[in-house]
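What follows is the content of target03.txt (compact mmCIF, C-alpha atoms).
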# COMPACT_ATOMS: atom_id res chain seq x y z
CA MET A 1 117.25 -39.88 -31.02
CA GLN A 2 117.64 -40.94 -27.40
CA LEU A 3 118.25 -44.59 -26.54
CA LEU A 4 116.26 -45.62 -23.48
CA LEU A 5 118.70 -48.11 -21.99
CA GLY A 6 117.49 -50.62 -19.44
CA SER A 7 120.84 -50.57 -17.65
CA ALA A 8 120.06 -47.17 -16.12
CA VAL A 9 116.71 -48.43 -14.84
CA LYS A 10 118.25 -51.66 -13.55
CA LYS A 11 120.86 -49.68 -11.61
CA ARG A 12 118.16 -47.53 -10.02
CA ILE A 13 115.97 -50.47 -8.99
CA GLU A 14 118.90 -52.50 -7.69
CA ALA A 15 120.00 -49.58 -5.53
CA THR A 16 116.56 -49.69 -3.89
CA VAL A 17 116.73 -53.48 -3.53
CA THR A 18 120.19 -53.30 -1.93
CA LYS A 19 119.12 -50.61 0.54
CA ARG A 20 116.11 -52.63 1.66
CA LEU A 21 118.09 -55.88 1.84
CA ASN A 22 120.65 -54.16 4.06
CA ALA A 23 117.89 -52.96 6.37
CA LEU A 24 116.56 -56.52 6.63
CA ALA A 25 120.05 -57.90 7.23
CA LYS A 26 120.42 -55.62 10.26
CA GLN A 27 117.39 -57.42 11.66
CA GLY A 28 119.01 -60.78 10.96
CA GLU A 29 116.67 -61.56 8.05
CA ARG A 30 117.27 -62.71 4.49
CA VAL A 31 115.04 -62.91 1.43
CA ARG A 32 114.61 -66.32 -0.23
CA ILE A 33 113.02 -67.29 -3.54
CA ALA A 34 112.32 -70.67 -5.13
CA LEU A 35 112.57 -71.23 -8.88
CA PHE A 36 110.88 -74.08 -10.75
CA ARG A 37 111.66 -75.02 -14.35
CA VAL A 38 109.98 -77.66 -16.53
CA GLY A 39 112.08 -78.90 -19.44
CA GLU A 40 115.34 -77.62 -20.91
CA LYS A 41 114.26 -74.69 -23.06
CA GLU A 42 117.34 -72.55 -23.60
CA ASP A 43 115.50 -69.30 -22.86
CA ASP A 44 114.36 -70.66 -19.49
CA CYS A 45 117.79 -72.05 -18.65
CA GLN A 46 119.45 -68.75 -19.52
CA TYR A 47 116.96 -66.75 -17.48
CA GLU A 48 117.42 -69.11 -14.55
CA ARG A 49 121.20 -68.67 -14.66
CA THR A 50 120.78 -64.90 -14.85
CA ILE A 51 118.45 -64.86 -11.83
CA LEU A 52 120.80 -67.03 -9.79
CA ARG A 53 123.79 -64.80 -10.58
CA ALA A 54 121.83 -61.67 -9.67
CA CYS A 55 120.63 -63.20 -6.40
CA ASP A 56 124.18 -64.21 -5.48
CA ARG A 57 125.44 -60.70 -6.27
CA LEU A 58 122.73 -58.90 -4.28
CA GLY A 59 122.49 -61.30 -1.34
CA ILE A 60 119.16 -63.00 -1.98
CA ASP A 61 118.94 -66.73 -1.25
CA ALA A 62 117.71 -68.70 -4.25
CA GLU A 63 116.92 -72.37 -4.71
CA HIS A 64 116.04 -73.96 -8.02
CA THR A 65 114.36 -77.18 -9.07
CA ALA A 66 114.16 -78.57 -12.60
CA PHE A 67 111.73 -81.19 -13.90
CA SER A 68 111.61 -83.08 -17.17
CA GLU A 69 108.98 -82.20 -19.78
CA ASP A 70 106.95 -85.30 -18.84
CA VAL A 71 106.66 -84.42 -15.15
CA SER A 72 103.25 -85.27 -13.76
CA GLU A 73 100.83 -82.69 -12.48
CA GLU A 74 100.93 -84.40 -9.09
CA THR A 75 104.72 -84.09 -8.81
CA LEU A 76 104.86 -80.46 -9.91
CA PHE A 77 101.92 -79.47 -7.72
CA GLY A 78 103.52 -81.22 -4.73
CA ALA A 79 106.82 -79.39 -5.18
CA LEU A 80 105.17 -76.00 -5.63
CA PHE A 81 102.82 -76.53 -2.70
CA ALA A 82 105.68 -77.66 -0.44
CA ALA A 83 107.73 -74.56 -1.26
CA SER A 84 104.70 -72.30 -0.84
CA SER A 85 104.08 -73.76 2.61
CA ARG A 86 107.59 -72.96 3.87
CA GLU A 87 107.74 -69.78 5.92
CA GLU A 88 111.27 -68.89 4.80
CA VAL A 89 110.34 -68.87 1.09
CA ASP A 90 109.19 -65.36 0.24
CA GLY A 91 108.60 -65.73 -3.49
CA ILE A 92 108.07 -68.43 -6.10
CA LEU A 93 108.68 -68.34 -9.84
CA LEU A 94 107.46 -71.05 -12.19
CA PHE A 95 109.02 -70.52 -15.62
CA ARG A 96 106.34 -70.25 -18.28
CA PRO A 97 104.99 -71.38 -20.60
CA ILE A 98 104.73 -74.88 -19.17
CA PRO A 99 103.42 -77.89 -21.14
CA LYS A 100 99.70 -77.65 -21.92
CA SER A 101 99.01 -80.78 -19.87
CA LEU A 102 100.17 -78.85 -16.79
CA GLN A 103 98.26 -75.65 -17.46
CA THR A 104 95.57 -76.50 -14.92
CA GLU A 105 93.76 -74.64 -12.19
CA ARG A 106 95.38 -76.96 -9.65
CA ILE A 107 98.88 -75.81 -10.65
CA ARG A 108 97.71 -72.19 -10.43
CA THR A 109 96.45 -72.67 -6.89
CA ALA A 110 99.79 -74.13 -5.76
CA ILE A 111 101.32 -70.64 -5.70
CA PRO A 112 99.69 -68.26 -3.22
CA PRO A 113 99.08 -64.69 -4.47
CA GLU A 114 101.41 -63.17 -1.88
CA LYS A 115 104.33 -65.29 -3.15
CA ASP A 116 103.62 -64.87 -6.86
CA ILE A 117 106.52 -62.47 -7.47
CA ASP A 118 106.25 -62.87 -11.26
CA GLY A 119 102.62 -61.76 -11.31
CA SER A 120 101.69 -64.84 -13.33
CA LEU A 121 98.38 -65.22 -11.47
CA GLN A 122 97.42 -61.88 -13.03
CA GLU A 123 94.42 -60.29 -11.29
CA GLU A 124 94.73 -62.70 -8.36
CA SER A 125 98.40 -61.94 -7.75
CA ALA A 126 99.67 -59.55 -5.11
CA PHE A 127 102.06 -58.20 -7.75
CA VAL A 128 101.79 -56.59 -11.16
CA PRO A 129 103.51 -58.71 -13.85
CA CYS A 130 107.18 -57.74 -14.05
CA THR A 131 107.42 -56.54 -17.65
CA PRO A 132 104.61 -53.93 -17.51
CA GLU A 133 105.91 -52.65 -14.19
CA GLY A 134 109.38 -52.52 -15.73
CA CYS A 135 108.01 -50.29 -18.52
CA MET A 136 106.67 -47.87 -15.92
CA HIS A 137 110.00 -47.81 -14.07
CA LEU A 138 111.68 -47.06 -17.40
CA LEU A 139 109.39 -44.08 -18.04
CA GLU A 140 110.00 -42.77 -14.53
CA THR A 141 113.78 -43.13 -14.79
CA TYR A 142 113.90 -41.12 -18.00
CA GLY A 143 111.40 -38.51 -16.82
CA ILE A 144 108.69 -39.48 -19.30
CA ASP A 145 105.27 -38.68 -17.85
CA PRO A 146 102.34 -40.40 -19.62
CA ARG A 147 99.82 -38.04 -18.02
CA GLY A 148 97.64 -36.49 -20.71
CA LYS A 149 99.58 -38.17 -23.52
CA ARG A 150 98.14 -40.42 -26.22
CA CYS A 151 99.45 -43.89 -25.34
CA VAL A 152 98.92 -46.78 -27.75
CA VAL A 153 99.61 -50.39 -26.71
CA ILE A 154 99.85 -53.10 -29.38
CA GLY A 155 98.91 -56.39 -27.73
CA ARG A 156 96.47 -57.30 -24.99
CA SER A 157 98.05 -60.38 -23.39
CA PRO A 158 97.13 -60.84 -19.71
CA VAL A 159 100.76 -60.62 -18.62
CA VAL A 160 101.93 -57.61 -20.69
CA GLY A 161 99.49 -55.60 -22.81
CA LYS A 162 96.45 -55.65 -20.55
CA PRO A 163 98.18 -54.77 -17.24
CA LEU A 164 100.40 -52.22 -19.02
CA ALA A 165 97.32 -50.43 -20.33
CA GLU A 166 95.88 -50.31 -16.82
CA LEU A 167 99.11 -48.91 -15.37
CA LEU A 168 99.21 -46.22 -18.05
CA ARG A 169 95.57 -45.28 -17.36
CA ASP A 170 96.33 -45.09 -13.64
CA ALA A 171 99.20 -42.73 -14.50
CA GLY A 172 96.85 -40.45 -16.41
CA GLY A 173 97.59 -41.62 -19.94
CA ILE A 174 94.97 -41.56 -22.71
CA VAL A 175 95.21 -45.22 -23.68
CA THR A 176 94.24 -47.17 -26.77
CA VAL A 177 94.87 -50.92 -26.99
CA CYS A 178 95.32 -52.44 -30.45
CA HIS A 179 94.79 -56.15 -31.08
CA THR A 180 93.70 -58.58 -33.78
CA GLN A 181 90.21 -57.06 -33.98
CA THR A 182 91.42 -53.47 -34.39
CA LEU A 183 90.29 -52.30 -37.82
CA ASP A 184 93.26 -50.08 -38.68
CA VAL A 185 96.20 -50.57 -36.34
CA ARG A 186 98.45 -48.26 -38.34
CA ALA A 187 95.99 -45.39 -38.09
CA GLU A 188 95.95 -45.81 -34.31
CA THR A 189 99.69 -46.16 -33.84
CA ARG A 190 100.53 -43.14 -35.96
CA GLN A 191 98.48 -41.03 -33.51
CA ALA A 192 100.52 -42.21 -30.52
CA GLU A 193 102.87 -40.00 -28.56
CA LEU A 194 103.97 -43.05 -26.56
CA LEU A 195 103.89 -46.34 -28.48
CA PHE A 196 104.24 -49.63 -26.58
CA VAL A 197 104.70 -52.71 -28.76
CA ALA A 198 104.02 -56.14 -27.24
CA CYS A 199 102.56 -58.06 -30.17
CA GLY A 200 104.97 -61.01 -29.99
CA LYS A 201 105.88 -60.91 -33.70
CA PRO A 202 109.46 -60.19 -34.78
CA GLU A 203 109.84 -56.77 -36.41
CA MET A 204 106.14 -56.53 -37.25
CA VAL A 205 106.03 -52.80 -36.60
CA ASP A 206 107.86 -50.94 -39.36
CA ARG A 207 107.82 -47.35 -40.61
CA THR A 208 104.25 -47.67 -41.86
CA TYR A 209 103.10 -47.78 -38.21
CA LEU A 210 105.17 -44.78 -37.13
CA ARG A 211 105.43 -41.01 -37.34
CA GLU A 212 108.28 -38.72 -36.44
CA GLY A 213 108.90 -37.78 -32.82
CA GLN A 214 107.28 -40.74 -31.07
CA ILE A 215 108.62 -42.43 -27.97
CA ILE A 216 108.71 -46.16 -28.74
CA ILE A 217 108.89 -48.86 -26.07
CA ASP A 218 109.61 -52.25 -27.67
CA VAL A 219 108.70 -55.08 -25.31
CA GLY A 220 109.46 -57.91 -27.75
CA PHE A 221 112.50 -60.17 -27.76
CA HIS A 222 113.21 -62.74 -30.46
CA THR A 223 116.07 -64.64 -32.04
CA VAL A 224 115.89 -64.57 -35.84
CA GLU A 225 118.61 -66.19 -37.92
CA GLY A 226 121.09 -65.90 -35.09
CA ARG A 227 120.40 -62.26 -34.24
CA PHE A 228 118.27 -60.61 -31.58
CA CYS A 229 115.39 -58.34 -32.45
CA GLY A 230 112.20 -56.93 -31.00
CA ASP A 231 108.64 -56.43 -32.22
CA VAL A 232 109.72 -53.18 -33.90
CA LYS A 233 112.04 -52.93 -36.88
CA ALA A 234 114.99 -51.20 -35.24
CA SER A 235 116.22 -49.27 -38.29
CA ASP A 236 112.78 -47.70 -38.75
CA ALA A 237 112.40 -46.90 -35.05
CA GLU A 238 115.78 -45.18 -35.04
CA LEU A 239 114.73 -43.15 -38.08
CA TYR A 240 111.38 -41.94 -36.70
CA ALA A 241 111.50 -42.04 -32.89
CA SER A 242 112.60 -39.28 -30.55
CA ALA A 243 113.37 -41.99 -27.99
CA TYR A 244 113.49 -45.77 -28.31
CA THR A 245 114.27 -48.89 -26.26
CA PRO A 246 116.86 -51.04 -28.07
CA VAL A 247 116.63 -54.83 -28.26
CA PRO A 248 118.58 -56.20 -26.51
CA GLY A 249 119.38 -53.68 -23.83
CA GLY A 250 115.95 -52.16 -23.24
CA VAL A 251 112.90 -53.44 -21.38
CA GLY A 252 114.23 -56.99 -20.96
CA THR A 253 117.11 -55.70 -18.85
CA VAL A 254 114.63 -54.27 -16.35
CA THR A 255 112.32 -57.29 -15.90
CA LEU A 256 114.67 -59.28 -13.66
CA SER A 257 115.30 -56.28 -11.40
CA VAL A 258 111.54 -55.90 -10.90
CA LEU A 259 111.28 -59.61 -10.04
CA LEU A 260 113.88 -59.20 -7.27
CA LEU A 261 112.18 -56.03 -6.03
CA HIS A 262 108.97 -58.04 -5.74
CA ALA A 263 110.83 -60.68 -3.70
CA VAL A 264 111.95 -58.03 -1.21
CA GLU A 265 108.46 -56.55 -1.07
CA ALA A 266 106.99 -60.03 -0.44
CA HIS A 267 109.31 -60.48 2.54
CA GLU A 268 108.50 -57.00 3.91
CA ARG A 269 104.76 -57.61 3.58
CA LYS A 270 105.13 -60.93 5.38
CA ARG A 271 106.93 -59.21 8.27
CA ALA A 272 104.25 -56.52 8.45

How does the structure come out when it is put into C-alpha cells?
Amino acid sequence: MQLLLGSAVKKRIEATVTKRLNALAKQGERVRIALFRVGEKEDDCQYERTILRACDRLGIDAEHTAFSEDVSEETLFGALFAASSREEVDGILLFRPIPKSLQTERIRTAIPPEKDIDGSLQEESAFVPCTPEGCMHLLETYGIDPRGKRCVVIGRSPVVGKPLAELLRDAGGIVTVCHTQTLDVRAETRQAELLFVACGKPEMVDRTYLREGQIIIDVGFHTVEGRFCGDVKASDAELYASAYTPVPGGVGTVTLSVLLLHAVEAHERKRA
C-alpha cells in the first residue's frame, strides 16, 4: 500500500508560491493577508499560528485580529469591511464556524469574492474552497488521473463534498455523491476506484465500505480520546487500499498551502 503524504504536495505547491512571490518582489510588491478569529477555539488558534509561521517563512505579510465570542455583528462587520477596503490587503480569512448569531448575510457581504482566499463564499467566491482543491493537487502530485474512473464522494457539504464532486467531474471522473439520503452507501462505495470521504464522522468508514485495491482519500480530521483520526478507520484502509492518505499527514497538510497559493493569485489578479 502506498501512503499519499501531504508533505510532498505541500512542497510542490510552496515551490510555486515561492517562485511567484520572488517575481513579485522584483517588482517591489508583497502579498498581504488579514486573518480574523472569533473566540478561543483551540483548532482555530492552532491553525492561526500555523498560517502565521508559514507566512513568515515564505515572505507573505499577515495581520491577525481576534474577537471574543460575544462580539457584535456591527463590530465584526466593520473590521472585515475595513480590511476588505484596503488596497494592500490581497486576501481575507475569517475562521469558521463562527457563532450562529453572526452567520448573517451582512457578514458574508463584508468579504469581497476576489479576496475570499478560503473559498468560504462558495459559488460567489473567486476561489474554490481550499480542501477540495488540495485533494486535486494531491491526485496530480501522485499521478492519479480521475478521468474515466468511478469516483465516489461521501459527503455533500458546500465547502468540501459538493465542490470536490464538481472538480472531479471537470477532470473527467464518473462521480457519485453519497449523503444521508443515499439508500445503500456501502454498495456505492464498494464500487469506487477512487473513494473520497468527507462525512465529518470519526472512523465511520470501516472495512464494510471498502474493497481491495481502492485509492482512499480521507478528508476528515478529529481528536478522539487524545488521538488523531480521520473519517476512515485507518487499520481497515491500510488493509484494503492500494493507496491511502494518512491522518494526520494527508489532505490537511495541503490545505494551508492552497490558501497561500490563493493569496498570491489574488494579488496577481489585482495587478492584472

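Restricting the calculation to all atoms listed in the file, the smallest distance between A:Ala126 and any of A:Cys229, A:Leu256, A:Ile111, A:Leu138 is found for A:Ile111.
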
How big is the axis-aligned box around all listed atoms of stretch 71-83 of chain A once 8 Å goes on each side, and where's its centre, in Å to one decimal, as AutoDock Vina command-line options?
--center_x 104.3 --center_y -79.9 --center_z -7.8 --size_x 22.9 --size_y 26.7 --size_z 30.7

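Atom CA of A:Glu212 lies 10.0 Å from atom CA of A:Glu238.
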
Item checked: Neighbours of point (119.3, -54.6, -15.7) within 12 Å, using only C-alpha atoms, written as a ChimeraX atom specification -> /A:5-15,50-51,54,134,137-138,248-260

- Within 12 Å of A:Arg86, counting all atoms listed in the file, which residues qualify if same-chain residues fewer than 2 places away don't, as a ChimeraX atom specification? /A:32-34,79-84,88-92,111-112,115

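By only C-alpha atoms, and with residues fewer than 4 positions from A:Arg150 along its chain excluded, the set lying at most 8 Å from it is Pro146, Gly173, Ile174, Val175, Thr176, Gln191, Ala192, Glu193 and Leu194 of chain A.
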
Of A:Cys55, A:Ile217, A:Ala266, A:Val177, the one nearest to A:Val152 when counting all atoms listed in the file is A:Val177

Shortest contact to A:Leu21, candidates A:Glu203, A:Asp236, A:Glu268, A:Asp170, atoms counted only C-alpha atoms, goes to A:Glu268

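If only C-alpha atoms are the atoms counted, then among A:Asp184, A:Asp56, A:Glu123, A:Asp218 the closest residue to A:Cys135 is A:Asp218.
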
Contacts of stretch 213-215 of chain A within 9 Å, only C-alpha atoms, excl. fewer than 5 positions in-chain, as a short mmCIF file (atom, residue, chain, number, x, y, z; two decimals) with C-alpha atoms, in the coordinates of the input:
data_model
loop_
_atom_site.label_atom_id
_atom_site.label_comp_id
_atom_site.auth_asym_id
_atom_site.auth_seq_id
_atom_site.Cartn_x
_atom_site.Cartn_y
_atom_site.Cartn_z
CA MET A 1 117.25 -39.88 -31.02
CA ARG A 190 100.53 -43.14 -35.96
CA ALA A 192 100.52 -42.21 -30.52
CA GLU A 193 102.87 -40.00 -28.56
CA LEU A 194 103.97 -43.05 -26.56
CA LEU A 195 103.89 -46.34 -28.48
CA PHE A 196 104.24 -49.63 -26.58
CA ALA A 237 112.40 -46.90 -35.05
CA TYR A 240 111.38 -41.94 -36.70
CA ALA A 241 111.50 -42.04 -32.89
CA SER A 242 112.60 -39.28 -30.55
CA ALA A 243 113.37 -41.99 -27.99
CA TYR A 244 113.49 -45.77 -28.31
CA THR A 245 114.27 -48.89 -26.26
#

Exercise. Contacts of A:Glu48 at 9 Å or less, counting only C-alpha atoms, minus same-chain residues fewer than 4 places along, as a ChimeraX atom specification?
Worked result: /A:35,37,43-44,52-53,64,95

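If all atoms listed in the file are the atoms counted, then among A:Gly28, A:Pro99, A:Gly230, A:Gly143 the closest residue to A:Val71 is A:Pro99.
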
Which residues are close to A:Cys199, i.e. within 12 Å by all atoms listed in the file, leaving aside same-chain residues fewer than 2 positions away? Reply as a ChimeraX atom specification.
/A:153-157,159-162,177-180,185,195-197,201-205,217-222,230-232

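With distances taken over only C-alpha atoms, A:Ile98 is the one residue among A:Ala23, A:Ile107, A:Leu210, A:Ile98 lying closest to A:Asp70.
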
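The coordinates place atom CA of A:Arg207 at 20.5 Å from atom CA of A:Arg227.
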